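Chemist: I am sharing query13.txt, which consists of compact mmCIF, C-alpha atoms:
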# COMPACT_ATOMS: atom_id res chain seq x y z
CA MET A 1 -37.19 2.71 10.15
CA SER A 2 -34.30 2.54 12.58
CA THR A 3 -31.50 5.06 12.56
CA PRO A 4 -27.93 4.03 11.75
CA ALA A 5 -27.04 4.16 15.42
CA GLU A 6 -29.99 1.94 16.32
CA SER A 7 -29.14 -0.51 13.55
CA ALA A 8 -25.60 -0.80 14.88
CA SER A 9 -26.90 -1.96 18.23
CA GLN A 10 -29.10 -4.72 16.81
CA PRO A 11 -27.43 -8.14 16.61
CA GLY A 12 -26.44 -9.27 13.13
CA THR A 13 -27.41 -5.97 11.50
CA GLN A 14 -25.04 -4.19 9.16
CA PRO A 15 -24.73 -0.51 10.20
CA PHE A 16 -26.09 1.98 7.67
CA SER A 17 -27.59 -0.88 5.64
CA ARG A 18 -31.15 -0.47 4.40
CA PRO A 19 -33.11 -0.80 1.12
CA GLY A 20 -32.00 1.65 -1.55
CA ASP A 21 -28.51 2.09 -0.04
CA GLU A 22 -26.86 1.70 -3.41
CA ASN A 23 -28.61 4.85 -4.70
CA ARG A 24 -28.84 7.12 -1.67
CA LYS A 25 -26.46 10.01 -1.02
CA LEU A 26 -23.69 9.62 1.53
CA THR A 27 -24.34 10.95 5.02
CA ARG A 28 -22.07 13.55 6.58
CA ASP A 29 -20.54 10.94 8.88
CA GLU A 30 -19.86 8.59 5.97
CA ARG A 31 -18.15 11.34 3.99
CA LYS A 32 -16.02 12.15 7.02
CA VAL A 33 -14.98 8.50 7.38
CA LEU A 34 -14.03 8.25 3.71
CA ALA A 35 -12.08 11.50 3.88
CA SER A 36 -10.27 10.28 6.98
CA THR A 37 -9.26 6.91 5.55
CA LEU A 38 -8.24 8.48 2.26
CA ALA A 39 -6.24 11.34 3.78
CA GLY A 40 -4.49 9.19 6.37
CA THR A 41 -3.59 6.40 3.97
CA THR A 42 -2.39 8.91 1.37
CA ILE A 43 -0.06 10.57 3.86
CA GLU A 44 1.16 7.27 5.27
CA TRP A 45 2.06 5.96 1.82
CA TYR A 46 3.55 9.25 0.70
CA ASP A 47 6.04 8.77 3.53
CA PHE A 48 6.65 5.16 2.60
CA PHE A 49 7.08 5.82 -1.13
CA ILE A 50 9.37 8.81 -0.74
CA TYR A 51 11.92 6.45 0.72
CA ALA A 52 11.42 3.81 -2.00
CA GLN A 53 11.97 6.35 -4.76
CA ALA A 54 14.87 8.12 -3.06
CA ALA A 55 16.50 4.71 -2.60
CA SER A 56 16.41 4.17 -6.35
CA LEU A 57 17.79 7.64 -7.09
CA VAL A 58 20.18 8.94 -4.46
CA LEU A 59 20.47 7.08 -1.14
CA GLY A 60 23.08 4.57 -2.36
CA PRO A 61 25.87 7.11 -3.04
CA LEU A 62 25.00 9.14 0.07
CA PHE A 63 24.71 6.37 2.66
CA LEU A 64 26.76 3.59 1.05
CA ALA A 65 29.62 5.68 -0.30
CA PRO A 66 32.42 3.04 -0.14
CA VAL A 67 30.25 0.44 -1.90
CA SER A 68 29.07 2.99 -4.46
CA ASP A 69 32.64 4.02 -5.27
CA ALA A 70 33.68 0.39 -5.80
CA SER A 71 30.53 -0.85 -7.58
CA PRO A 72 27.63 1.51 -8.39
CA GLY A 73 25.49 -1.47 -9.49
CA LEU A 74 25.95 -3.25 -6.16
CA ALA A 75 25.17 -0.04 -4.29
CA THR A 76 21.89 0.21 -6.22
CA VAL A 77 20.99 -3.38 -5.35
CA ILE A 78 21.75 -2.81 -1.64
CA SER A 79 19.87 0.49 -1.63
CA LEU A 80 16.81 -1.16 -3.18
CA ALA A 81 17.17 -4.02 -0.68
CA THR A 82 16.67 -1.54 2.18
CA ILE A 83 13.16 -1.06 0.79
CA GLY A 84 12.54 -4.75 1.48
CA ILE A 85 14.03 -4.70 4.98
CA SER A 86 11.14 -2.63 6.25
CA PHE A 87 8.68 -5.21 4.94
CA LEU A 88 10.15 -7.80 7.28
CA PHE A 89 8.85 -5.71 10.19
CA ARG A 90 5.38 -5.22 8.76
CA PRO A 91 4.09 -8.42 10.37
CA LEU A 92 5.26 -7.14 13.77
CA GLY A 93 3.40 -3.88 13.21
CA ALA A 94 0.38 -5.87 12.02
CA ILE A 95 0.46 -8.09 15.13
CA VAL A 96 0.78 -5.18 17.57
CA ALA A 97 -1.75 -2.91 15.84
CA GLY A 98 -4.05 -5.87 15.19
CA ARG A 99 -4.05 -6.92 18.84
CA PHE A 100 -4.81 -3.46 20.14
CA GLY A 101 -7.05 -2.59 17.19
CA ASP A 102 -9.22 -5.63 17.93
CA ARG A 103 -9.34 -4.78 21.64
CA LEU A 104 -9.12 -0.97 21.90
CA GLY A 105 -10.51 0.15 18.56
CA ARG A 106 -9.51 0.97 14.99
CA LYS A 107 -9.30 4.73 15.48
CA ARG A 108 -6.59 4.77 18.16
CA MET A 109 -4.28 2.59 16.11
CA LEU A 110 -4.79 4.71 13.01
CA VAL A 111 -3.71 7.87 14.82
CA PHE A 112 -0.71 6.07 16.38
CA THR A 113 0.59 4.59 13.11
CA LEU A 114 0.19 7.89 11.26
CA VAL A 115 2.27 9.85 13.78
CA LEU A 116 4.90 7.11 14.00
CA MET A 117 5.37 6.96 10.23
CA GLY A 118 5.61 10.73 9.93
CA ALA A 119 8.23 11.03 12.67
CA ALA A 120 10.44 8.38 11.03
CA THR A 121 10.14 10.03 7.62
CA ALA A 122 11.05 13.49 8.89
CA LEU A 123 14.05 12.10 10.76
CA ILE A 124 15.34 10.43 7.57
CA GLY A 125 15.27 13.85 5.95
CA ALA A 126 17.47 15.21 8.74
CA LEU A 127 19.98 12.32 8.84
CA PRO A 128 23.71 12.97 8.37
CA THR A 129 25.21 11.00 5.46
CA TYR A 130 28.16 8.59 5.35
CA ALA A 131 30.50 11.50 4.66
CA ASP A 132 29.42 13.07 7.97
CA ILE A 133 29.25 10.16 10.46
CA GLY A 134 30.51 7.12 8.59
CA VAL A 135 28.91 3.72 9.16
CA LEU A 136 26.42 5.15 11.69
CA ALA A 137 24.61 6.79 8.78
CA PRO A 138 23.40 3.59 7.04
CA ILE A 139 22.65 2.01 10.45
CA ALA A 140 20.42 4.95 11.43
CA LEU A 141 18.79 4.89 8.00
CA ILE A 142 17.92 1.21 8.30
CA LEU A 143 16.55 1.66 11.83
CA LEU A 144 14.23 4.44 10.69
CA ARG A 145 13.19 2.35 7.71
CA ILE A 146 12.28 -0.43 10.15
CA VAL A 147 10.06 2.02 12.05
CA GLN A 148 8.37 2.89 8.74
CA GLY A 149 7.76 -0.79 8.08
CA PHE A 150 6.31 -1.35 11.55
CA SER A 151 3.95 1.59 11.06
CA ALA A 152 2.86 0.52 7.57
CA GLY A 153 2.09 -2.96 8.91
CA GLY A 154 -0.54 -1.57 11.26
CA GLU A 155 -1.89 1.24 9.09
CA TRP A 156 -3.62 -0.49 6.22
CA GLY A 157 -5.79 -2.88 8.21
CA GLY A 158 -7.22 -0.13 10.39
CA ALA A 159 -7.95 2.18 7.47
CA ALA A 160 -9.57 -0.62 5.48
CA LEU A 161 -11.82 -1.64 8.36
CA MET A 162 -12.85 1.91 9.23
CA ALA A 163 -14.07 2.36 5.65
CA VAL A 164 -15.70 -1.04 5.16
CA GLU A 165 -17.30 -1.32 8.62
CA HIS A 166 -18.98 2.07 8.13
CA ALA A 167 -20.24 1.11 4.65
CA PRO A 168 -23.72 0.05 3.54
CA ARG A 169 -23.71 -3.65 2.69
CA SER A 170 -24.20 -2.98 -1.04
CA ARG A 171 -21.39 -0.41 -1.26
CA ARG A 172 -18.56 -2.00 0.71
CA GLY A 173 -16.39 -2.40 -2.38
CA LEU A 174 -16.66 1.28 -3.20
CA PHE A 175 -16.09 2.42 0.40
CA GLY A 176 -13.19 -0.02 0.76
CA ALA A 177 -11.57 1.39 -2.38
CA TYR A 178 -10.97 4.74 -0.65
CA PRO A 179 -8.09 3.59 1.55
CA GLN A 180 -6.84 1.69 -1.52
CA ILE A 181 -6.64 4.79 -3.69
CA GLY A 182 -4.62 6.43 -0.93
CA VAL A 183 -1.73 4.29 -2.24
CA PRO A 184 -1.61 5.71 -5.79
CA ILE A 185 -2.38 9.21 -4.48
CA GLY A 186 0.53 8.87 -2.06
CA LEU A 187 2.65 7.72 -4.99
CA ILE A 188 1.50 10.70 -7.06
CA MET A 189 2.42 13.08 -4.24
CA ALA A 190 5.78 11.42 -3.60
CA THR A 191 6.73 11.25 -7.27
CA GLY A 192 5.37 14.73 -7.92
CA MET A 193 7.41 16.14 -5.07
CA LEU A 194 10.57 14.45 -6.35
CA TRP A 195 9.80 15.66 -9.87
CA LEU A 196 9.38 19.22 -8.61
CA VAL A 197 12.61 19.16 -6.60
CA THR A 198 14.64 17.56 -9.39
CA SER A 199 13.23 20.08 -11.87
CA VAL A 200 14.25 23.16 -9.86
CA THR A 201 17.64 21.92 -8.62
CA SER A 202 20.79 20.88 -10.40
CA GLN A 203 22.11 17.33 -10.04
CA GLU A 204 24.64 18.56 -7.50
CA GLN A 205 22.07 20.51 -5.49
CA PHE A 206 19.71 17.53 -5.43
CA GLN A 207 22.53 15.32 -4.20
CA GLN A 208 23.56 17.81 -1.50
CA TRP A 209 20.24 18.92 -0.03
CA GLY A 210 17.33 18.66 -2.49
CA TRP A 211 16.53 15.02 -1.65
CA ARG A 212 15.80 16.03 1.95
CA VAL A 213 12.90 18.36 1.09
CA PRO A 214 10.26 15.66 0.36
CA PHE A 215 11.10 13.90 3.64
CA LEU A 216 10.88 17.05 5.75
CA PHE A 217 7.62 18.07 4.06
CA SER A 218 6.05 15.07 5.80
CA VAL A 219 5.79 17.09 9.02
CA VAL A 220 3.10 19.31 7.47
CA LEU A 221 1.18 16.36 6.05
CA ILE A 222 1.20 14.44 9.34
CA LEU A 223 -0.27 17.41 11.21
CA VAL A 224 -3.13 17.61 8.70
CA GLY A 225 -3.74 13.86 8.82
CA TYR A 226 -3.69 13.79 12.62
CA LEU A 227 -6.37 16.49 12.86
CA ILE A 228 -8.59 14.70 10.32
CA ARG A 229 -8.34 11.28 11.94
CA ARG A 230 -8.96 12.58 15.45
CA SER A 231 -12.37 13.87 14.34
CA VAL A 232 -13.75 10.53 13.09
CA GLU A 233 -16.05 8.26 15.10
CA GLU A 234 -15.02 4.69 15.94
CA SER A 235 -16.32 1.86 13.74
CA PRO A 236 -19.97 1.09 14.62
CA ILE A 237 -19.35 -2.65 14.25
CA PHE A 238 -16.48 -2.46 16.75
CA LYS A 239 -18.78 -0.56 19.13
CA GLU A 240 -21.39 -3.27 18.73
CA MET A 241 -18.81 -5.95 19.56
CA LEU A 242 -17.79 -4.12 22.74
CA ALA A 243 -21.40 -3.55 23.76
CA ARG A 244 -22.10 -7.27 23.44
CA LYS A 245 -18.80 -8.16 25.15
CA LYS A 246 -17.71 -10.36 22.25
CA GLU A 247 -14.15 -9.10 21.90
CA SER A 248 -11.38 -11.70 21.96
CA SER A 249 -8.95 -11.70 24.90
CA ALA A 250 -6.25 -13.14 22.61
CA PRO A 251 -7.02 -12.13 19.00
CA LEU A 252 -3.78 -13.51 17.57
CA ARG A 253 -4.22 -16.94 19.16
CA ASP A 254 -7.85 -17.15 18.09
CA LEU A 255 -6.99 -15.99 14.58
CA PHE A 256 -4.46 -18.75 13.92
CA ALA A 257 -6.53 -21.38 15.68
CA ARG A 258 -9.60 -20.85 13.50
CA ASP A 259 -8.73 -18.71 10.50
CA TRP A 260 -5.14 -19.55 9.51
CA LYS A 261 -6.26 -20.66 6.03
CA GLN A 262 -7.82 -17.25 5.45
CA VAL A 263 -4.58 -15.55 6.52
CA LEU A 264 -2.63 -17.69 4.05
CA LEU A 265 -5.07 -16.95 1.23
CA THR A 266 -5.05 -13.19 1.84
CA ALA A 267 -1.25 -13.21 1.76
CA LEU A 268 -1.04 -15.14 -1.51
CA ILE A 269 -3.79 -13.07 -3.14
CA PHE A 270 -1.74 -9.90 -2.58
CA VAL A 271 1.62 -11.24 -3.80
CA ALA A 272 1.39 -10.44 -7.53
CA ASN A 273 -0.28 -7.06 -7.14
CA ASN A 274 2.30 -5.89 -4.63
CA ALA A 275 5.27 -7.11 -6.70
CA ALA A 276 4.00 -5.49 -9.91
CA GLY A 277 3.14 -2.32 -7.99
CA TYR A 278 6.65 -1.97 -6.61
CA LEU A 279 8.09 -2.15 -10.10
CA VAL A 280 6.14 1.04 -10.77
CA ILE A 281 7.00 2.55 -7.39
CA ALA A 282 10.75 1.94 -7.45
CA PHE A 283 12.31 -0.23 -10.16
CA PHE A 284 11.11 1.57 -13.28
CA ILE A 285 12.51 4.88 -12.00
CA ALA A 286 16.03 3.53 -11.59
CA TYR A 287 15.84 1.44 -14.76
CA GLY A 288 14.46 4.26 -16.88
CA THR A 289 16.99 6.86 -15.76
CA GLU A 290 20.13 4.77 -15.30
CA SER A 291 19.84 1.89 -17.78
CA LEU A 292 17.79 3.51 -20.55
CA ASP A 293 19.20 7.04 -20.09
CA LEU A 294 15.75 8.63 -20.20
CA PRO A 295 15.39 12.14 -18.69
CA ARG A 296 14.69 11.83 -14.95
CA PRO A 297 11.92 14.49 -14.81
CA TRP A 298 10.07 12.77 -17.68
CA VAL A 299 10.43 9.32 -16.10
CA LEU A 300 9.00 10.69 -12.86
CA LEU A 301 6.17 12.37 -14.76
CA SER A 302 5.39 9.02 -16.43
CA ILE A 303 5.10 7.43 -12.99
CA VAL A 304 2.70 10.20 -11.92
CA VAL A 305 0.49 9.56 -14.97
CA ALA A 306 0.52 5.81 -14.30
CA SER A 307 -0.40 6.51 -10.67
CA VAL A 308 -3.45 8.46 -11.83
CA GLY A 309 -4.50 5.38 -13.81
CA TRP A 310 -3.90 3.20 -10.76
CA LEU A 311 -6.13 5.53 -8.72
CA VAL A 312 -8.98 5.53 -11.25
CA PHE A 313 -8.95 1.78 -11.83
CA SER A 314 -8.68 1.00 -8.09
CA LEU A 315 -11.80 3.06 -7.47
CA TYR A 316 -13.50 1.36 -10.40
CA GLY A 317 -12.32 -2.04 -9.14
CA GLY A 318 -14.06 -1.47 -5.82
CA LEU A 319 -17.24 -0.34 -7.56
CA LEU A 320 -17.13 -3.26 -10.01
CA SER A 321 -16.72 -5.74 -7.16
CA ASP A 322 -20.02 -4.52 -5.70
CA ARG A 323 -21.65 -5.57 -8.98
CA ILE A 324 -19.92 -8.76 -10.14
CA GLY A 325 -18.19 -9.88 -6.92
CA ARG A 326 -14.75 -9.54 -5.33
CA VAL A 327 -13.32 -12.80 -6.71
CA ARG A 328 -14.29 -12.14 -10.34
CA THR A 329 -12.88 -8.61 -10.23
CA PHE A 330 -9.57 -9.88 -8.84
CA GLN A 331 -9.40 -12.57 -11.53
CA ILE A 332 -9.89 -10.02 -14.30
CA GLY A 333 -7.18 -7.80 -12.81
CA TYR A 334 -4.61 -10.58 -12.58
CA ALA A 335 -5.40 -11.84 -16.08
CA LEU A 336 -4.70 -8.33 -17.42
CA ILE A 337 -1.39 -8.00 -15.56
CA PHE A 338 -0.29 -11.44 -16.80
CA ALA A 339 -1.19 -10.66 -20.42
CA TRP A 340 0.50 -7.23 -20.38
CA MET A 341 3.85 -8.14 -18.81
CA ILE A 342 5.84 -9.07 -21.92
CA PRO A 343 4.41 -6.25 -24.12
CA LEU A 344 5.18 -3.87 -21.23
CA PHE A 345 8.91 -4.60 -21.27
CA LEU A 346 9.10 -4.69 -25.07
CA LEU A 347 7.69 -1.17 -25.18
CA ILE A 348 9.98 0.06 -22.41
CA GLU A 349 13.03 -1.28 -24.25
CA THR A 350 12.33 1.06 -27.19
CA ARG A 351 13.88 3.85 -25.06
CA ASN A 352 11.04 6.11 -26.19
CA ILE A 353 9.75 8.13 -23.23
CA LEU A 354 6.21 8.28 -24.66
CA LEU A 355 6.01 4.50 -25.08
CA PHE A 356 7.62 4.12 -21.63
CA GLY A 357 4.76 6.14 -20.13
CA VAL A 358 2.05 4.34 -22.13
CA ALA A 359 3.40 0.92 -21.11
CA ILE A 360 3.33 1.69 -17.40
CA PHE A 361 -0.05 3.42 -17.59
CA LEU A 362 -1.68 0.35 -19.18
CA LEU A 363 -0.22 -1.80 -16.38
CA SER A 364 -2.23 0.33 -13.95
CA ILE A 365 -5.52 -1.13 -15.27
CA GLY A 366 -4.76 -4.58 -13.92
CA LEU A 367 -3.15 -3.14 -10.80
CA GLY A 368 -6.30 -1.20 -9.97
CA LEU A 369 -8.74 -4.05 -10.57
CA SER A 370 -6.67 -6.37 -8.36
CA TYR A 371 -6.31 -3.77 -5.60
CA GLY A 372 -9.57 -1.82 -5.36
CA PRO A 373 -11.71 -4.72 -4.00
CA MET A 374 -9.11 -5.82 -1.44
CA SER A 375 -10.37 -3.95 1.64
CA ALA A 376 -13.92 -5.21 1.25
CA MET A 377 -12.98 -8.80 0.47
CA TYR A 378 -10.44 -9.13 3.27
CA ALA A 379 -12.85 -7.63 5.83
CA GLU A 380 -15.57 -10.04 4.72
CA MET A 381 -13.23 -13.03 5.12
CA PHE A 382 -12.69 -12.63 8.91
CA PRO A 383 -14.99 -12.47 11.96
CA VAL A 384 -15.08 -9.12 13.73
CA ALA A 385 -13.22 -10.23 16.89
CA VAL A 386 -10.02 -10.99 14.94
CA ARG A 387 -10.64 -8.91 11.81
CA TYR A 388 -8.00 -6.21 12.39
CA SER A 389 -5.37 -8.86 13.11
CA GLY A 390 -6.44 -11.04 10.18
CA VAL A 391 -6.46 -8.42 7.44
CA SER A 392 -3.30 -6.71 8.72
CA ILE A 393 -1.20 -9.87 9.05
CA GLY A 394 -2.40 -11.28 5.72
CA TYR A 395 -1.61 -7.99 3.99
CA ALA A 396 1.81 -7.75 5.65
CA LEU A 397 2.80 -11.32 4.75
CA GLY A 398 1.66 -10.77 1.17
CA ALA A 399 3.81 -7.66 1.00
CA ILE A 400 6.87 -9.61 2.16
CA LEU A 401 6.30 -12.37 -0.40
CA GLY A 402 5.43 -9.88 -3.14
CA GLY A 403 6.77 -6.34 -3.13
CA ALA A 404 9.39 -6.45 -0.39
CA PHE A 405 12.25 -7.48 -2.62
CA ALA A 406 10.61 -7.21 -6.05
CA PRO A 407 12.75 -4.19 -7.10
CA THR A 408 15.88 -5.99 -5.85
CA ILE A 409 14.95 -9.24 -7.61
CA ALA A 410 14.20 -7.28 -10.79
CA GLU A 411 17.60 -5.58 -10.61
CA ILE A 412 19.39 -8.89 -9.98
CA LEU A 413 17.55 -10.57 -12.88
CA MET A 414 18.46 -7.69 -15.16
CA GLN A 415 22.14 -7.77 -14.20
CA ALA A 416 22.30 -11.56 -14.46
CA THR A 417 20.43 -12.02 -17.75
CA ASP A 418 20.61 -8.60 -19.44
CA TRP A 419 17.09 -9.51 -20.62
CA SER A 420 14.24 -7.43 -19.24
CA VAL A 421 11.64 -10.04 -20.22
CA SER A 422 13.05 -12.21 -17.40
CA ILE A 423 11.42 -9.70 -15.02
CA ALA A 424 8.14 -10.08 -16.90
CA LEU A 425 8.28 -13.86 -16.48
CA TYR A 426 8.91 -13.43 -12.74
CA ILE A 427 5.77 -11.29 -12.32
CA MET A 428 3.74 -13.67 -14.52
CA VAL A 429 4.57 -16.58 -12.20
CA LEU A 430 3.35 -14.53 -9.24
CA CYS A 431 0.15 -13.70 -11.14
CA VAL A 432 -0.57 -17.41 -11.53
CA ILE A 433 -0.09 -17.91 -7.78
CA SER A 434 -2.37 -15.01 -6.81
CA PHE A 435 -5.00 -15.95 -9.41
CA ALA A 436 -5.11 -19.49 -8.00
CA ALA A 437 -5.35 -18.20 -4.42
CA VAL A 438 -8.24 -15.82 -5.08
CA SER A 439 -10.03 -18.57 -7.02
CA CYS A 440 -10.00 -20.66 -3.81
CA VAL A 441 -12.05 -18.03 -1.96
CA LYS A 442 -15.79 -18.54 -1.70
CA GLU A 443 -17.33 -15.27 -2.91
CA PRO A 444 -17.68 -13.16 0.30
CA LYS A 445 -19.70 -10.22 -1.10
CA GLY A 446 -22.62 -9.39 1.18
CA THR A 447 -21.34 -11.32 4.21
CA ASP A 448 -22.66 -9.99 7.54
CA LEU A 449 -19.77 -8.06 9.14
CA GLY A 450 -21.36 -7.86 12.58
CA VAL A 451 -20.94 -10.18 15.58
CA ARG A 452 -21.71 -13.73 14.51
Represent the structure from my file as structure tokens, please.
Modeler:
Amino acid sequence: MSTPAESASQPGTQPFSRPGDENRKLTRDERKVLASTLAGTTIEWYDFFIYAQAASLVLGPLFLAPVSDASPGLATVISLATIGISFLFRPLGAIVAGRFGDRLGRKRMLVFTLVLMGAATALIGALPTYADIGVLAPIALILLRIVQGFSAGGEWGGAALMAVEHAPRSRRGLFGAYPQIGVPIGLIMATGMLWLVTSVTSQEQFQQWGWRVPFLFSVVLILVGYLIRRSVEESPIFKEMLARKKESSAPLRDLFARDWKQVLLTALIFVANNAAGYLVIAFFIAYGTESLDLPRPWVLLSIVVASVGWLVFSLYGGLLSDRIGRVRTFQIGYALIFAWMIPLFLLIETRNILLFGVAIFLLSIGLGLSYGPMSAMYAEMFPVAVRYSGVSIGYALGAILGGAFAPTIAEILMQATDWSVSIALYIMVLCVISFAAVSCVKEPKGTDLGVR
């Protein structure tokens, strides 16, 4: 029997794929890859989510003081809109990281995006506010948020491919779920950090300096993530492509010439999951504390509990997709989100913190099942020479259409209608779109990921 390294060099052979793979124990190298993708993605999204949550809690009054004084509601809308601005630069990050990731390797881009995201996050924590430097404060904040968006655009595709391209054929869904669960773990860390800081500081202290602590803490996390990612081997499938001199000289051109339909489908598949996810990440915090007058620490704790559910069901979603297929798992996830939307908001409107937490936790079931299989399915939809570009650009475009302005749209709908179910209807429409898109995909489970 050939070794994994020998298998990687044989044309059309999936690295680490052999009979009994679904039952064997993970090798040391495989565990290292999973730890790397999980740790790096967790840290990257911790940085990204800290901003999203701080925007819903405190950034408006600090960086948009004149607007906040005149209209607190408008300041909240603008602050939440800065979350979406960064999404507009995700495609640029996806294009740049995809080009170099398809030509120079997945590992280099993963290290680059991690360091870039961490630097931007730490600098936000050190920024002077509007009271200190006037209009330069929101300008600097937006510029750093753009850097975060650029970094996030290149991060996910590389992490997903490192996990899936190292996986046995029969366990790609499970391996691909590891970078996916980095998202809810990052959310748990970000929300947990904010919960801790808000619990040990007064409202005035949090407003003055407490909000900076979670941003500055990113420096420690980035150092840890950098050391972990530097120790991981490059994807064996990428090595095989280089050895056979099959890399594309213009990945972006080749991608849109041959696989533009796949890019469109991957974007539309992600829309509903990302929009519903960003309600949990950002909107429900502001809505629960400001509109429903629920205690901030308990609202944040509810988000942490829901994030744990998101983690568990994302991991299960990846595992389930290895058994029943990627498409079927996605369809179940979106059907659950659609069915739960109206009951979700009816429970939240009771202003009972326990029911608030239960409602959001149950949403995490559908979120996980429509997120866990994504890495594996997207990787299986593109040929290796343009895979980094394809999955990254599709994911970035889906994020723009879905989560970029979902908290802002939710806030506008709430202010315009004073009827929270209008937000539920908005997400339900997106679920129909994403369900239809994933139903157009020919089941990719088991596709050969090597050079073909």
Chemist: Rounded to one decimal place, report the CA of Leu397 (chain A)-CA of Val304 (chain A) distance in Å.
Modeler: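 Distance between the two atoms: 27.2 Å.
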Chemist: Residues near Tyr51 (chain A), anyone? I mean within 8 Å using only C-alpha atoms, not counting same-chain ones fewer than 4 positions away, as a VMD selection string.
Modeler: chain A and resid 47 55 83 121
Chemist: Have a look at CA of Ser364 (chain A) and CA of Trp310 (chain A) and let me know their distance in Å, one decimal.
Modeler: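 These two atoms are separated by 4.6 Å.
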Chemist: Please measure the separation of CA of Leu268 (chain A) and CA of Ser370 (chain A), giving the value in Å to one decimal.
Modeler: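 One can read the CA of Leu268 (chain A) to CA of Ser370 (chain A) distance as 12.5 Å.
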Chemist: Give me the residues within 12 Å of Arg258 (chain A) as a list in words, counting only C-alpha atoms and dropping any in the same chain fewer than 5 places off.
Modeler: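 Skipping anything fewer than 5 positions along the chain leaves Pro251, Leu252, Arg253, Val263, Phe382, Pro383, Ala385, Val386 and Gly390 of chain A.
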Chemist: Using only C-alpha atoms, collect all residues at a distance of at most 6 Å from (-1.6, 5.6, -3.8) as written in the file, then present them as a PDB file with C-alpha atoms, keeping the file's coordinate frame.
Modeler:
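Result file point_21.pdb:
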ATOM      1  CA  ILE A 181      -6.640   4.790  -3.690  1.00  0.00           C
ATOM      2  CA  GLY A 182      -4.620   6.430  -0.930  1.00  0.00           C
ATOM      3  CA  VAL A 183      -1.730   4.290  -2.240  1.00  0.00           C
ATOM      4  CA  PRO A 184      -1.610   5.710  -5.790  1.00  0.00           C
ATOM      5  CA  ILE A 185      -2.380   9.210  -4.480  1.00  0.00           C
ATOM      6  CA  GLY A 186       0.530   8.870  -2.060  1.00  0.00           C
ATOM      7  CA  LEU A 187       2.650   7.720  -4.990  1.00  0.00           C
TER       8      LEU A 187
END
Chemist: When distances are computed from all atoms listed in the file, which of A:Ala159, A:Leu300, A:Ile281, A:Ile433 shows the smallest separation from Val111 (chain A)?
Modeler: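 Closest to Val111 (chain A), using all atoms listed in the file: A:Ala159.
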Chemist: Which residues are near Trp298 (chain A)? Cut-off 12 Å, only C-alpha atoms, ignore same chain within fewer than 6 positions. Put them as a count of residues only.
Modeler: 18
Chemist: In terms of the shortest atom-to-atom distance over all atoms listed in the file, which of A:Trp45, A:Phe361, A:Tyr388, A:Trp211 is closest to Ala160 (chain A)?
Modeler: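 Ranked by minimum distance to Ala160 (chain A), first place goes to A:Tyr388.
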Chemist: Excluding Leu174 (chain A) and its own-chain neighbours fewer than 5 positions away, which residues fall within 12 Å of it when counting all atoms listed in the file? Please give them as a count of residues only.
Modeler: 34
Chemist: Dig up all the protein and nucleic acid residues within 8 Å of (-4.2, 7.6, 13.4) in the file frame, using only C-alpha atoms, and format them as a PyMOL selection string.
Modeler: chain A and resi 40+107-115+225-226+229-230
Chemist: Which residue out of A:Phe48, A:Ile360, A:Gly333, A:Ala119 has the minimum interatomic distance to Phe270 (chain A) when all atoms listed in the file are used?
Modeler: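 Using all atoms listed in the file, Phe270 (chain A) sits closest to A:Gly333.
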Chemist: Would you please work out which residue, of A:Leu143, A:Gly105, A:Leu59, A:Ile348, is nearest to Trp209 (chain A) when using all atoms listed in the file?
Modeler: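 The answer is A:Leu59, which sits nearest to Trp209 (chain A).
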Chemist: Which residue is closest to Ala406 (chain A)? Choose from A:Gln148, A:Thr129, A:Thr82, A:Ser170 and count only C-alpha atoms.
Modeler: A:Thr82
Chemist: Find the residue from A:Gly398, A:Gly158, A:Gly118, A:Gly60 that sits nearest to Leu141 (chain A); use only C-alpha atoms when measuring.
Modeler: A:Gly60
Chemist: Could you name the residues that touch Val232 (chain A) at 10 Å or less, counting only C-alpha atoms, but leaving out those on the same chain fewer than 5 positions away, as a ChimeraX atom specification?
Modeler: /A:29-30,32-37,107,162,227
Chemist: Restricting it to C-alpha atoms, dump the selection as a compact mmCIF listing (two decimals), keeping the file's coordinate frame.
Modeler:
# COMPACT_ATOMS: atom_id res chain seq x y z
CA ASP A 29 -20.54 10.94 8.88
CA GLU A 30 -19.86 8.59 5.97
CA LYS A 32 -16.02 12.15 7.02
CA VAL A 33 -14.98 8.50 7.38
CA LEU A 34 -14.03 8.25 3.71
CA ALA A 35 -12.08 11.50 3.88
CA SER A 36 -10.27 10.28 6.98
CA THR A 37 -9.26 6.91 5.55
CA LYS A 107 -9.30 4.73 15.48
CA MET A 162 -12.85 1.91 9.23
CA LEU A 227 -6.37 16.49 12.86
